[in-house]
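S.K.: Pasting query.cif below, which is mmCIF, C-alpha atoms.
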data_upload
#
loop_
_atom_site.label_atom_id
_atom_site.label_comp_id
_atom_site.auth_asym_id
_atom_site.auth_seq_id
_atom_site.Cartn_x
_atom_site.Cartn_y
_atom_site.Cartn_z
CA MET O 1 -49.23 103.38 239.66
CA GLU O 2 -46.89 104.68 236.96
CA GLN O 3 -44.28 102.11 235.94
CA ARG O 4 -40.74 103.14 236.85
CA ARG O 5 -38.12 103.17 234.10
CA ALA O 6 -34.69 101.55 234.25
CA VAL O 7 -32.02 101.80 231.56
CA VAL O 8 -29.29 99.16 231.43
CA VAL O 9 -26.14 100.22 229.60
CA GLY O 10 -24.48 97.10 228.18
CA ALA O 11 -26.00 93.82 227.02
CA GLY O 12 -23.44 91.45 228.44
CA ILE O 13 -24.30 88.63 230.85
CA GLY O 14 -24.65 90.91 233.87
CA GLY O 15 -26.61 93.60 232.05
CA LEU O 16 -29.08 91.12 230.56
CA THR O 17 -29.56 89.38 233.91
CA ALA O 18 -30.26 92.74 235.54
CA ALA O 19 -32.75 93.55 232.79
CA VAL O 20 -34.63 90.28 233.35
CA ALA O 21 -34.62 90.71 237.14
CA LEU O 22 -35.86 94.31 237.00
CA HIS O 23 -38.50 93.46 234.39
CA ARG O 24 -39.84 90.67 236.61
CA ASP O 25 -40.01 93.12 239.51
CA GLY O 26 -42.21 95.56 237.59
CA TRP O 27 -39.75 97.94 236.00
CA GLN O 28 -40.02 99.17 232.44
CA VAL O 29 -36.57 98.24 231.16
CA THR O 30 -34.53 99.33 228.15
CA VAL O 31 -31.11 97.83 227.39
CA LEU O 32 -28.73 99.99 225.36
CA GLU O 33 -25.89 98.09 223.67
CA ARG O 34 -23.12 99.87 221.80
CA ALA O 35 -22.36 96.90 219.51
CA ALA O 36 -24.31 96.37 216.31
CA ASP O 37 -25.61 92.96 217.45
CA LEU O 38 -25.60 90.60 220.42
CA ALA O 39 -23.02 88.17 219.03
CA PRO O 40 -21.13 87.57 222.30
CA VAL O 41 -17.43 88.23 222.52
CA GLY O 42 -16.07 85.09 224.12
CA ALA O 43 -16.42 81.37 223.94
CA GLY O 44 -17.48 79.45 227.03
CA ILE O 45 -18.54 80.43 230.52
CA GLY O 46 -18.68 78.33 233.66
CA LEU O 47 -21.67 78.89 235.92
CA ALA O 48 -21.09 77.74 239.48
CA PRO O 49 -23.90 76.94 241.94
CA ASN O 50 -23.86 80.49 243.33
CA SER O 51 -24.86 82.05 240.01
CA GLN O 52 -27.30 79.24 239.29
CA ARG O 53 -29.12 80.08 242.51
CA ALA O 54 -29.15 83.72 241.41
CA LEU O 55 -30.72 82.62 238.12
CA ASP O 56 -33.31 80.68 240.14
CA VAL O 57 -34.54 84.06 241.39
CA ILE O 58 -35.53 84.98 237.83
CA GLY O 59 -36.83 81.51 236.97
CA LEU O 60 -33.95 80.47 234.69
CA GLY O 61 -31.75 78.30 236.91
CA ASP O 62 -33.15 74.95 235.79
CA ARG O 63 -32.73 75.87 232.11
CA VAL O 64 -29.02 76.32 232.80
CA ARG O 65 -28.68 73.15 234.88
CA GLU O 66 -30.09 71.11 232.02
CA LEU O 67 -26.90 72.01 230.12
CA ALA O 68 -24.52 70.45 232.68
CA ALA O 69 -22.08 68.14 230.88
CA TRP O 70 -19.56 67.26 233.61
CA GLN O 71 -20.81 64.14 235.40
CA GLY O 72 -17.61 62.27 236.35
CA ASP O 73 -14.21 63.16 237.68
CA GLY O 74 -11.60 65.64 236.56
CA GLY O 75 -8.94 67.72 238.17
CA MET O 76 -5.56 69.37 237.90
CA ARG O 77 -2.69 67.97 235.85
CA ALA O 78 0.95 68.63 235.02
CA PRO O 79 1.97 69.23 231.39
CA ASP O 80 3.26 65.66 231.12
CA GLY O 81 -0.20 64.35 232.05
CA ARG O 82 0.37 63.45 235.72
CA TRP O 83 -2.66 64.06 237.89
CA LEU O 84 -1.83 66.52 240.65
CA ALA O 85 -5.32 66.65 242.14
CA ARG O 86 -8.63 64.94 241.44
CA THR O 87 -12.04 66.49 241.76
CA ASP O 88 -15.41 64.83 241.45
CA ALA O 89 -18.61 66.33 240.05
CA LYS O 90 -20.78 64.63 242.66
CA ALA O 91 -18.56 65.83 245.51
CA ALA O 92 -18.66 69.37 244.17
CA ALA O 93 -22.46 69.27 243.76
CA ALA O 94 -22.89 67.88 247.27
CA ARG O 95 -20.64 70.51 248.81
CA PHE O 96 -22.05 73.54 246.99
CA GLY O 97 -25.59 72.45 246.21
CA GLY O 98 -25.35 72.04 242.45
CA PRO O 99 -23.17 71.16 239.47
CA LEU O 100 -20.71 73.31 237.57
CA VAL O 101 -22.28 74.10 234.19
CA LEU O 102 -20.09 74.95 231.19
CA LEU O 103 -21.96 76.51 228.28
CA HIS O 104 -21.32 78.78 225.35
CA ARG O 105 -21.90 82.45 226.07
CA ALA O 106 -24.22 82.65 223.06
CA THR O 107 -26.46 80.05 224.69
CA LEU O 108 -26.66 82.02 227.92
CA VAL O 109 -27.39 85.24 226.02
CA GLU O 110 -30.23 83.47 224.22
CA ILE O 111 -31.68 82.17 227.51
CA LEU O 112 -31.62 85.65 229.03
CA THR O 113 -32.99 87.55 226.04
CA SER O 114 -35.82 85.04 225.70
CA ALA O 115 -37.06 86.22 229.11
CA LEU O 116 -37.32 89.86 227.99
CA PRO O 117 -40.15 91.52 226.03
CA GLU O 118 -39.43 92.05 222.37
CA GLY O 119 -37.74 95.38 221.74
CA THR O 120 -36.18 95.64 225.19
CA VAL O 121 -32.63 95.40 223.82
CA ARG O 122 -31.52 98.13 221.43
CA THR O 123 -28.23 97.46 219.63
CA GLY O 124 -26.07 100.08 217.98
CA ALA O 125 -27.09 102.41 220.81
CA ALA O 126 -24.08 103.93 222.54
CA ALA O 127 -24.96 105.80 225.71
CA THR O 128 -23.11 108.47 227.68
CA LEU O 129 -23.97 109.45 231.23
CA ALA O 130 -25.01 113.11 231.30
CA ASP O 131 -26.20 113.30 234.93
CA PRO O 132 -26.30 110.55 237.59
CA GLY O 133 -29.37 112.12 239.17
CA ASP O 134 -30.26 112.12 242.85
CA ASP O 135 -33.28 111.63 245.12
CA HIS O 136 -35.09 114.55 243.50
CA ARG O 137 -34.27 114.22 239.80
CA PRO O 138 -33.83 111.29 237.40
CA ALA O 139 -30.57 110.19 235.84
CA ARG O 140 -29.96 111.36 232.27
CA LEU O 141 -28.22 109.56 229.41
CA THR O 142 -27.23 110.86 225.99
CA THR O 143 -27.85 108.47 223.10
CA PRO O 144 -27.68 108.80 219.30
CA GLU O 145 -31.41 109.52 219.38
CA GLY O 146 -31.13 112.25 221.98
CA GLU O 147 -31.38 112.44 225.75
CA THR O 148 -33.28 109.93 227.88
CA GLU O 149 -34.18 109.89 231.57
CA ALA O 150 -34.56 107.02 234.01
CA GLU O 151 -35.29 106.45 237.67
CA LEU O 152 -32.46 103.88 237.65
CA VAL O 153 -29.42 103.40 235.41
CA VAL O 154 -27.51 100.11 235.53
CA ALA O 155 -23.96 100.57 234.26
CA ALA O 156 -22.97 97.16 232.89
CA ASP O 157 -20.62 98.63 230.30
CA GLY O 158 -17.70 96.34 230.95
CA ILE O 159 -14.11 96.51 232.05
CA ARG O 160 -13.43 99.80 230.25
CA SER O 161 -16.59 101.34 231.71
CA ALA O 162 -16.97 104.99 230.73
CA ILE O 163 -19.71 105.35 233.35
CA ARG O 164 -17.38 104.11 236.10
CA HIS O 165 -14.89 106.79 235.13
CA ALA O 166 -17.62 109.43 235.04
CA LEU O 167 -18.81 108.50 238.53
CA PHE O 168 -15.34 108.11 240.08
CA PRO O 169 -12.86 110.10 237.95
CA GLY O 170 -10.18 109.96 240.66
CA HIS O 171 -10.09 106.17 240.80
CA PRO O 172 -6.96 104.63 239.21
CA GLY O 173 -9.06 102.22 237.16
CA THR O 174 -7.99 98.88 235.74
CA ARG O 175 -4.48 97.48 235.78
CA TYR O 176 -2.83 94.90 233.52
CA SER O 177 -2.56 91.61 235.41
CA GLY O 178 0.57 90.38 233.64
CA CYS O 179 -1.13 87.63 231.67
CA THR O 180 -3.05 87.07 228.47
CA THR O 181 -5.71 84.46 227.65
CA TRP O 182 -6.82 82.43 224.62
CA ARG O 183 -10.20 80.70 224.16
CA VAL O 184 -11.62 78.35 221.55
CA VAL O 185 -14.68 76.13 221.08
CA VAL O 186 -14.02 73.08 218.88
CA PRO O 187 -15.48 69.62 218.21
CA ALA O 188 -14.57 67.04 220.84
CA PRO O 189 -11.53 64.89 220.01
CA ALA O 190 -12.08 61.25 219.06
CA ARG O 191 -10.22 59.94 222.12
CA PRO O 192 -12.05 60.53 225.41
CA PHE O 193 -10.57 62.73 228.12
CA ALA O 194 -11.38 63.81 231.65
CA PRO O 195 -12.08 67.52 232.21
CA HIS O 196 -8.92 69.15 233.48
CA GLU O 197 -6.92 72.25 234.13
CA THR O 198 -3.17 71.90 233.62
CA TRP O 199 -0.63 74.16 235.29
CA GLY O 200 2.84 74.58 233.79
CA ALA O 201 5.61 77.13 234.28
CA GLY O 202 3.92 80.48 233.73
CA ARG O 203 1.25 78.79 231.61
CA LEU O 204 -2.18 77.20 232.09
CA TRP O 205 -4.45 75.13 229.87
CA GLY O 206 -8.02 73.92 230.48
CA THR O 207 -10.23 71.55 228.48
CA GLN O 208 -13.92 71.24 229.42
CA PRO O 209 -16.82 69.48 227.67
CA LEU O 210 -19.99 71.24 226.59
CA LYS O 211 -23.42 69.63 226.52
CA ASP O 212 -23.65 69.89 222.70
CA GLY O 213 -20.62 67.65 222.17
CA ARG O 214 -18.11 70.41 221.60
CA VAL O 215 -15.18 71.33 223.84
CA TYR O 216 -14.35 74.65 225.45
CA ALA O 217 -10.59 75.09 225.76
CA TYR O 218 -8.82 78.02 227.35
CA ALA O 219 -5.23 78.98 228.01
CA MET O 220 -3.39 81.63 229.99
CA ALA O 221 0.25 82.69 230.01
CA ALA O 222 2.42 85.42 231.45
CA ALA O 223 3.07 87.95 228.70
CA PRO O 224 3.75 91.66 228.15
CA ALA O 225 0.66 93.78 227.62
CA GLY O 226 -0.48 94.20 224.03
CA GLY O 227 1.52 91.26 222.69
CA ARG O 228 0.41 89.38 219.59
CA ALA O 229 1.77 86.35 217.76
CA PRO O 230 4.09 87.14 214.83
CA ASP O 231 2.08 84.74 212.64
CA ASP O 232 -1.26 83.69 214.17
CA GLU O 233 -2.57 82.80 217.61
CA ARG O 234 -3.00 79.11 216.85
CA ALA O 235 0.71 78.97 216.01
CA GLU O 236 1.44 80.72 219.29
CA LEU O 237 -0.62 78.15 221.19
CA LEU O 238 1.27 75.34 219.45
CA ARG O 239 4.56 76.86 220.55
CA LEU O 240 3.38 77.18 224.14
CA PHE O 241 1.28 74.02 224.57
CA GLY O 242 1.82 71.75 221.56
CA ASP O 243 3.84 69.13 223.50
CA TRP O 244 1.46 68.93 226.47
CA HIS O 245 -0.61 65.86 227.32
CA HIS O 246 -3.74 64.56 225.55
CA PRO O 247 -6.07 66.10 224.47
CA VAL O 248 -4.16 69.39 224.06
CA PRO O 249 -2.38 68.52 220.77
CA GLU O 250 -5.61 67.11 219.30
CA ILE O 251 -7.52 70.23 220.29
CA LEU O 252 -4.93 72.48 218.69
CA ALA O 253 -4.88 70.38 215.53
CA SER O 254 -8.60 71.06 215.04
CA VAL O 255 -8.45 74.81 215.64
CA ASP O 256 -9.00 77.28 212.84
CA PRO O 257 -6.55 80.17 213.45
CA GLY O 258 -9.39 82.61 212.89
CA GLN O 259 -11.39 81.07 215.75
CA VAL O 260 -8.85 81.79 218.47
CA LEU O 261 -9.79 84.64 220.80
CA ARG O 262 -6.92 86.38 222.58
CA HIS O 263 -7.38 89.02 225.27
CA ASP O 264 -5.05 90.59 227.78
CA VAL O 265 -6.37 90.31 231.33
CA HIS O 266 -6.99 93.57 233.17
CA HIS O 267 -8.54 93.79 236.61
CA LEU O 268 -9.52 96.27 239.33
CA PRO O 269 -7.19 95.52 242.26
CA ASP O 270 -8.10 98.83 243.90
CA PRO O 271 -11.75 98.62 245.01
CA LEU O 272 -14.13 101.44 244.20
CA PRO O 273 -15.43 103.55 247.09
CA ALA O 274 -18.98 102.46 246.19
CA PHE O 275 -20.89 100.67 243.46
CA HIS O 276 -23.32 103.54 243.03
CA ARG O 277 -23.73 107.27 242.83
CA GLY O 278 -27.02 109.11 242.50
CA ARG O 279 -29.38 106.81 240.60
CA VAL O 280 -26.61 104.86 238.85
CA ALA O 281 -25.44 101.39 239.92
CA LEU O 282 -22.28 99.72 238.60
CA LEU O 283 -22.41 96.01 237.89
CA GLY O 284 -20.06 93.21 236.82
CA ASP O 285 -16.69 94.11 235.28
CA ALA O 286 -17.57 97.79 235.47
CA ALA O 287 -17.62 97.43 239.26
CA HIS O 288 -15.10 94.69 240.08
CA ALA O 289 -13.17 93.29 237.12
CA MET O 290 -11.16 90.27 238.25
CA MET O 291 -8.68 87.73 236.95
CA PRO O 292 -10.27 84.55 235.54
CA SER O 293 -8.37 82.25 237.90
CA LEU O 294 -11.47 81.45 239.99
CA GLY O 295 -13.89 81.49 237.05
CA GLN O 296 -16.10 83.97 238.91
CA GLY O 297 -16.26 87.07 236.71
CA GLY O 298 -19.58 86.25 235.04
CA ASN O 299 -20.89 84.54 238.16
CA GLN O 300 -20.40 87.66 240.26
CA ALA O 301 -22.08 89.82 237.60
CA ILE O 302 -25.15 87.55 237.79
CA GLU O 303 -25.12 87.81 241.58
CA ASP O 304 -24.90 91.62 241.29
CA ALA O 305 -27.93 91.70 239.02
CA VAL O 306 -30.34 89.84 241.28
CA VAL O 307 -29.13 91.63 244.43
CA LEU O 308 -29.56 95.02 242.73
CA ALA O 309 -33.08 94.13 241.60
CA HIS O 310 -33.87 92.92 245.13
CA HIS O 311 -32.92 96.29 246.63
CA ALA O 312 -34.47 98.32 243.81
CA ARG O 313 -37.90 96.70 243.78
CA SER O 314 -40.33 99.02 242.10
CA GLY O 315 -43.07 100.56 244.16
CA PRO O 316 -44.26 103.77 245.78
CA GLY O 317 -41.55 103.50 248.43
CA PHE O 318 -38.60 103.30 246.03
CA ASP O 319 -35.76 105.36 247.51
CA PRO O 320 -32.69 105.40 245.22
CA ALA O 321 -30.28 106.50 247.94
CA GLU O 322 -31.41 103.79 250.34
CA ALA O 323 -31.74 101.05 247.72
CA LEU O 324 -28.38 101.62 246.05
CA ALA O 325 -26.53 102.09 249.33
CA ALA O 326 -27.88 98.69 250.39
CA TYR O 327 -26.69 97.24 247.07
CA THR O 328 -23.17 98.58 247.64
CA ALA O 329 -23.18 97.31 251.23
CA ASP O 330 -24.12 93.81 250.02
CA ARG O 331 -21.82 93.57 247.03
CA LEU O 332 -18.66 95.63 247.56
CA PRO O 333 -17.13 93.61 250.46
CA ARG O 334 -17.90 90.25 248.84
CA THR O 335 -16.59 91.10 245.39
CA THR O 336 -13.51 92.88 246.79
CA ALA O 337 -12.55 89.69 248.61
CA ILE O 338 -13.06 87.60 245.47
CA VAL O 339 -11.05 90.02 243.29
CA ARG O 340 -8.16 89.71 245.74
CA LYS O 341 -8.42 85.94 245.97
CA ALA O 342 -8.50 85.66 242.17
CA ALA O 343 -5.33 87.77 241.98
CA ARG O 344 -3.56 85.57 244.55
CA THR O 345 -4.64 82.40 242.75
CA GLY O 346 -3.53 83.86 239.44
CA ALA O 347 -0.10 84.65 240.84
CA VAL O 348 0.29 81.05 242.01
CA THR O 349 -0.93 79.75 238.66
CA LEU O 350 1.64 81.79 236.76
CA LEU O 351 4.71 80.87 238.82
CA SER O 352 7.51 80.23 236.36
CA ALA O 353 10.69 79.52 238.36
CA ARG O 354 11.36 75.77 238.32
CA PRO O 355 11.75 75.35 242.12
CA ALA O 356 8.53 77.29 242.74
CA VAL O 357 6.62 75.22 240.16
CA ALA O 358 7.91 71.97 241.69
CA LEU O 359 6.91 73.10 245.17
CA ARG O 360 3.46 74.15 243.93
CA SER O 361 2.88 70.74 242.31
CA ALA O 362 4.03 68.94 245.46
CA LEU O 363 1.72 70.98 247.69
CA VAL O 364 -1.28 70.50 245.40
CA GLY O 365 -0.61 66.76 245.29
CA ALA O 366 -0.25 66.55 249.07
CA VAL O 367 -3.53 68.38 249.64
CA SER O 368 -5.38 66.23 247.12
CA ARG O 369 -4.38 63.01 248.88
CA PHE O 370 -6.74 63.95 251.69
CA GLY O 371 -9.66 63.86 249.27
CA PRO O 372 -11.47 66.21 246.88
CA GLY O 373 -13.05 68.09 249.77
CA LEU O 374 -9.80 69.85 250.57
CA VAL O 375 -9.35 70.93 246.96
CA LEU O 376 -12.93 72.19 246.80
CA ARG O 377 -12.54 74.07 250.07
CA GLY O 378 -10.97 76.95 248.17
CA PHE O 379 -14.46 77.79 246.86
CA ASP O 380 -16.12 77.83 250.27
CA GLY O 381 -17.78 81.19 250.76
CA ILE O 382 -17.97 81.67 246.98
CA ALA O 383 -19.84 78.80 245.32
CA ASP O 384 -22.12 78.25 248.34
CA TRP O 385 -23.55 81.82 248.25
CA ARG O 386 -27.31 82.19 248.36
CA PRO O 387 -29.33 85.17 247.12
CA PRO O 388 -31.33 87.36 249.54
CA VAL O 389 -34.63 86.45 247.88
CA ALA O 390 -36.49 83.20 247.25
CA PRO O 391 -36.45 81.44 243.88
CA ALA O 392 -39.16 82.31 241.39
CA ARG O 393 -41.21 79.94 239.31
CA PRO O 394 -39.56 79.19 235.95
CA ALA O 395 -40.00 81.88 233.32
#
Translate the structure of the given file into structure tokens.
M.R.:
Amino acid sequence: MEQRRAVVVGAGIGGLTAAVALHRDGWQVTVLERAADLAPVGAGIGLAPNSQRALDVIGLGDRVRELAAWQGDGGMRAPDGRWLARTDAKAAAARFGGPLVLLHRATLVEILTSALPEGTVRTGAAATLADPGDDHRPARLTTPEGETEAELVVAADGIRSAIRHALFPGHPGTRYSGCTTWRVVVPAPARPFAPHETWGAGRLWGTQPLKDGRVYAYAMAAAPAGGRAPDDERAELLRLFGDWHHPVPEILASVDPGQVLRHDVHHLPDPLPAFHRGRVALLGDAAHAMMPSLGQGGNQAIEDAVVLAHHARSGPGFDPAEALAAYTADRLPRTTAIVRKAARTGAVTLLSARPAVALRSALVGAVSRFGPGLVLRGFDGIADWRPPVAPARPA
């Protein structure tokens, strides 16, 4: 039987996961990445149990779990250091079937690319959709080397997806969420700390340990779109968070201004009519960009990848219309609900009026007094997701 060909556009987390999943299911896969190399844009990523179970399908889940660093307690704090809510790693693992794993994006990219044949990923290879194809003809892409055809195209080309616009030109596209984010990875401070996320007035800070001894820190604040610090982003972080509790000042003291990543947050509050057209499937941010307030952007892209591969399993009976319609039916309702929940959570996070902030802190504290289970309940239906296919043996 002739091997079917899939082309993945974009070598981010979702695109690489899709490439591994399709390769394992018998597809001949090529990944086209516009950037000159795979140096990931970003710092850390949190993988919840739902995406770890998705990675189990392609034999990589245990490699990720080995990188879990959070073993004790943590929770939500106020800027002065008061604990508003406590969470426990064991309680979270018991409720959702696994730990939360924080790792550097470069580490995850390395794990995924190691499961692909050499030469699968082609960098410096921008691709434009020429024809989405249909049941009777392949999809066509235009690349710097000419035109290429494929039985399946996976559009994992990110939040500014050109393929999404080509498939659904009437869709309003992404919208600015009203907030911007900063991310850094630095050596751990000398004084110990418990993992935490701290909510202030229109501002948020998080500090999480990585397995290699470094710390992933992230911040979010309400801000006009396109804003930049008048001096440098480290100075901006000092202005916003420099007087917050330990370890925030110590983290900022160790930051090189050139290491700080700042990105405005855009999302897709208006769901697409479908995640496919012809032989093209949208995946990850291209399909359902969301605010980072639930930490599910990368997790949902990984889910997309294994569900798409499940429905697109290569074989003589491959029917693109049927397979991709099933993919949309599985993924669009779930991700739409998570996009909306992330937006609601983000709005609560960024409350800035003093009475509203005080009420938020009081409510969070009241809920937490009934135990970590009530705090974790917000991730029911998200972190407990299971893929539609059994785990594979490790790659």
S.K.: Evaluate the PyMOL selection byres ((chain O and resi 332-339) around 9) here and jot the selected residues down as a list in words.
M.R.: His267, Leu268, Pro269, Asp270, Pro271, Leu272, Pro273, Ala274, Phe275, Ala287, His288, Ala289, Met290, Met291, Leu294, Gln296, Gly297, Gln300, Tyr327, Thr328, Ala329, Asp330, Arg331, Arg340, Lys341, Ala342, Ala343, Arg344 and Ile382 of chain O
S.K.: Written as a ChimeraX atom specification, what is the full residue list that the PyMOL selection byres ((chain O and resi 56-73) around 9) yields on the file shown?
M.R.: /O:17,20-21,24,47,51-55,74-75,86-90,98-103,108,111-112,115,194-195,208-213,306,387,389-395
S.K.: In Å, rounded to a single decimal, give me how far atom CA of Ala286 of chain O is from atom CA of Arg105 of chain O.
M.R.: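 Going from atom CA of Arg105 of chain O over to atom CA of Ala286 of chain O covers 18.5 Å.
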S.K.: Given the file shown, determine the residues that the PyMOL selection byres ((chain O and resi 44) around 9) selects; report them as a list in words.
M.R.: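 This file gives the following for the PyMOL selection byres ((chain O and resi 44) around 9): Gly42, Ala43, Ile45, Gly46, Leu102, Leu103, His104, Arg105, Ala106, Arg183, Val184, Val185, Leu210, Tyr216, Ala217 and Tyr218 of chain O.
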S.K.: With all atoms listed in the file as the basis for distance, which of O:Pro388, O:Gly10, O:Gly200, O:Pro247 is at the shortest distance from Ala35 of chain O?
M.R.: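 Closest to Ala35 of chain O, using all atoms listed in the file: O:Gly10.
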S.K.: Given the choices O:Glu151, O:Glu236, O:Asp256, O:Glu250, which gets closest to Pro138 of chain O if the distance is worked out from only C-alpha atoms?
M.R.: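 Among the listed residues, the smallest separation from Pro138 of chain O belongs to O:Glu151.
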S.K.: Within 7 Å of Val357 of chain O, counting all atoms listed in the file, which residues show up once you throw out same-chain ones fewer than 5 positions away? Write them as a compact mmCIF listing (two decimals) with C-alpha atoms, keeping the file's coordinate frame, please.
M.R.:
# COMPACT_ATOMS: atom_id res chain seq x y z
CA ALA O 201 5.61 77.13 234.28
CA LEU O 351 4.71 80.87 238.82
CA SER O 352 7.51 80.23 236.36
S.K.: Tell me which protein, DNA and RNA residues are within 8 Å of Ala150 of chain O, counting all atoms listed in the file, leaving out same-chain ones fewer than 6 positions away, and put them as JSON, numbers by chain.
M.R.: {"O": [4, 5, 6, 7, 138, 139, 140]}
S.K.: Determine, counting all atoms listed in the file, which protein, DNA and RNA residues have an atom within 10 Å of an atom of Ser161 of chain O; residues of the same chain fewer than 5 positions away are not included. Present the result as a VMD selection string.
M.R.: chain O and resid 9 to 10 155 to 156 166 173 to 174 282 285 to 287
S.K.: Given the point (-27.1, 108.5, 226.0) in the file's coordinates, find the residues that have an atom at most 9 Å from it, counting only C-alpha atoms, and give them as a ChimeraX atom specification.
M.R.: /O:32,125-130,140-148
S.K.: From the list O:Asp243, O:Glu149, O:Asp37, O:Glu233, which residue is nearest His263 of chain O when using all atoms listed in the file?
M.R.: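 Distance minimum relative to His263 of chain O lands on O:Glu233.
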S.K.: For Pro187 of chain O, which of O:Ile159, O:Ser254, O:Val248, O:Gln28 is the closest residue, counting only C-alpha atoms?
M.R.: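 Ranked by minimum distance to Pro187 of chain O, first place goes to O:Ser254.
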S.K.: Using all atoms listed in the file, can you tell me which of O:Arg160, O:Arg95, O:His23, O:Arg313 comes closest to Leu376 of chain O?
M.R.: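 Residue with the minimum atom-to-atom distance to Leu376 of chain O: O:Arg95.
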S.K.: Counting only C-alpha atoms, which residue out of O:Ile251, O:Ala92, O:Ala221, O:Val121 sits closest to Leu38 of chain O?
M.R.: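 Checking each of O:Ile251, O:Ala92, O:Ala221, O:Val121 against Leu38 of chain O, counting only C-alpha atoms, the winner is O:Val121.
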S.K.: Go ahead and compute the interatomic distance for atom CA of Ala383 of chain O and atom CA of Ala48 of chain O, in Å to one decimal.
M.R.: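 Separating atom CA of Ala383 of chain O from atom CA of Ala48 of chain O is a distance of 6.1 Å.
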S.K.: Mind pulling up the distance from atom CA of Arg360 of chain O to atom CA of Gly381 of chain O?
M.R.: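 Interatomic distance here is 23.4 Å.
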S.K.: So that all listed atoms of segment 307-321 of chain O fit with 6 Å spare on each side, what axis-aligned box centre and edge lengths in Å, to one decimal, would you give as JSON?
M.R.:
{"center_x": -36.7, "center_y": 99.1, "center_z": 245.0, "size_x": 27.1, "size_y": 26.9, "size_z": 18.8}
S.K.: From the block I gave, I'd like segment 277-281 of chain O written with all heavy atoms, as an mmCIF file, in the first residue's frame.
M.R.:
data_model
loop_
_atom_site.group_PDB
_atom_site.id
_atom_site.type_symbol
_atom_site.label_atom_id
_atom_site.label_comp_id
_atom_site.auth_asym_id
_atom_site.auth_seq_id
_atom_site.Cartn_x
_atom_site.Cartn_y
_atom_site.Cartn_z
ATOM 1 N N ARG O 277 -11.356 22.211 6.547
ATOM 2 C CA ARG O 277 -11.994 22.442 5.257
ATOM 3 C C ARG O 277 -11.189 21.663 4.239
ATOM 4 O O ARG O 277 -9.951 21.717 4.221
ATOM 5 C CB ARG O 277 -12.015 23.921 4.892
ATOM 6 C CG ARG O 277 -12.727 24.205 3.567
ATOM 7 C CD ARG O 277 -12.712 25.679 3.213
ATOM 8 N NE ARG O 277 -12.962 25.855 1.787
ATOM 9 C CZ ARG O 277 -12.580 26.912 1.095
ATOM 10 N NH1 ARG O 277 -11.914 27.890 1.689
ATOM 11 N NH2 ARG O 277 -12.850 27.002 -0.189
ATOM 12 N N GLY O 278 -11.884 20.917 3.385
ATOM 13 C CA GLY O 278 -11.186 20.074 2.425
ATOM 14 C C GLY O 278 -10.308 19.065 3.139
ATOM 15 O O GLY O 278 -10.778 18.317 3.993
ATOM 16 N N ARG O 279 -9.030 19.065 2.817
ATOM 17 C CA ARG O 279 -8.070 18.154 3.442
ATOM 18 C C ARG O 279 -7.173 18.872 4.451
ATOM 19 O O ARG O 279 -6.102 18.367 4.789
ATOM 20 C CB ARG O 279 -7.205 17.495 2.374
ATOM 21 C CG ARG O 279 -7.949 16.516 1.474
ATOM 22 C CD ARG O 279 -7.066 15.968 0.385
ATOM 23 N NE ARG O 279 -7.757 14.993 -0.447
ATOM 24 C CZ ARG O 279 -7.696 13.668 -0.263
ATOM 25 N NH1 ARG O 279 -6.949 13.176 0.715
ATOM 26 N NH2 ARG O 279 -8.351 12.850 -1.067
ATOM 27 N N VAL O 280 -7.602 20.032 4.922
ATOM 28 C CA VAL O 280 -6.799 20.837 5.842
ATOM 29 C C VAL O 280 -7.458 20.847 7.217
ATOM 30 O O VAL O 280 -8.662 21.114 7.341
ATOM 31 C CB VAL O 280 -6.640 22.278 5.334
ATOM 32 C CG1 VAL O 280 -5.768 23.094 6.285
ATOM 33 C CG2 VAL O 280 -6.054 22.283 3.929
ATOM 34 N N ALA O 281 -6.663 20.591 8.252
ATOM 35 C CA ALA O 281 -7.138 20.642 9.632
ATOM 36 C C ALA O 281 -6.361 21.712 10.389
ATOM 37 O O ALA O 281 -5.129 21.768 10.315
ATOM 38 C CB ALA O 281 -6.955 19.286 10.309
#
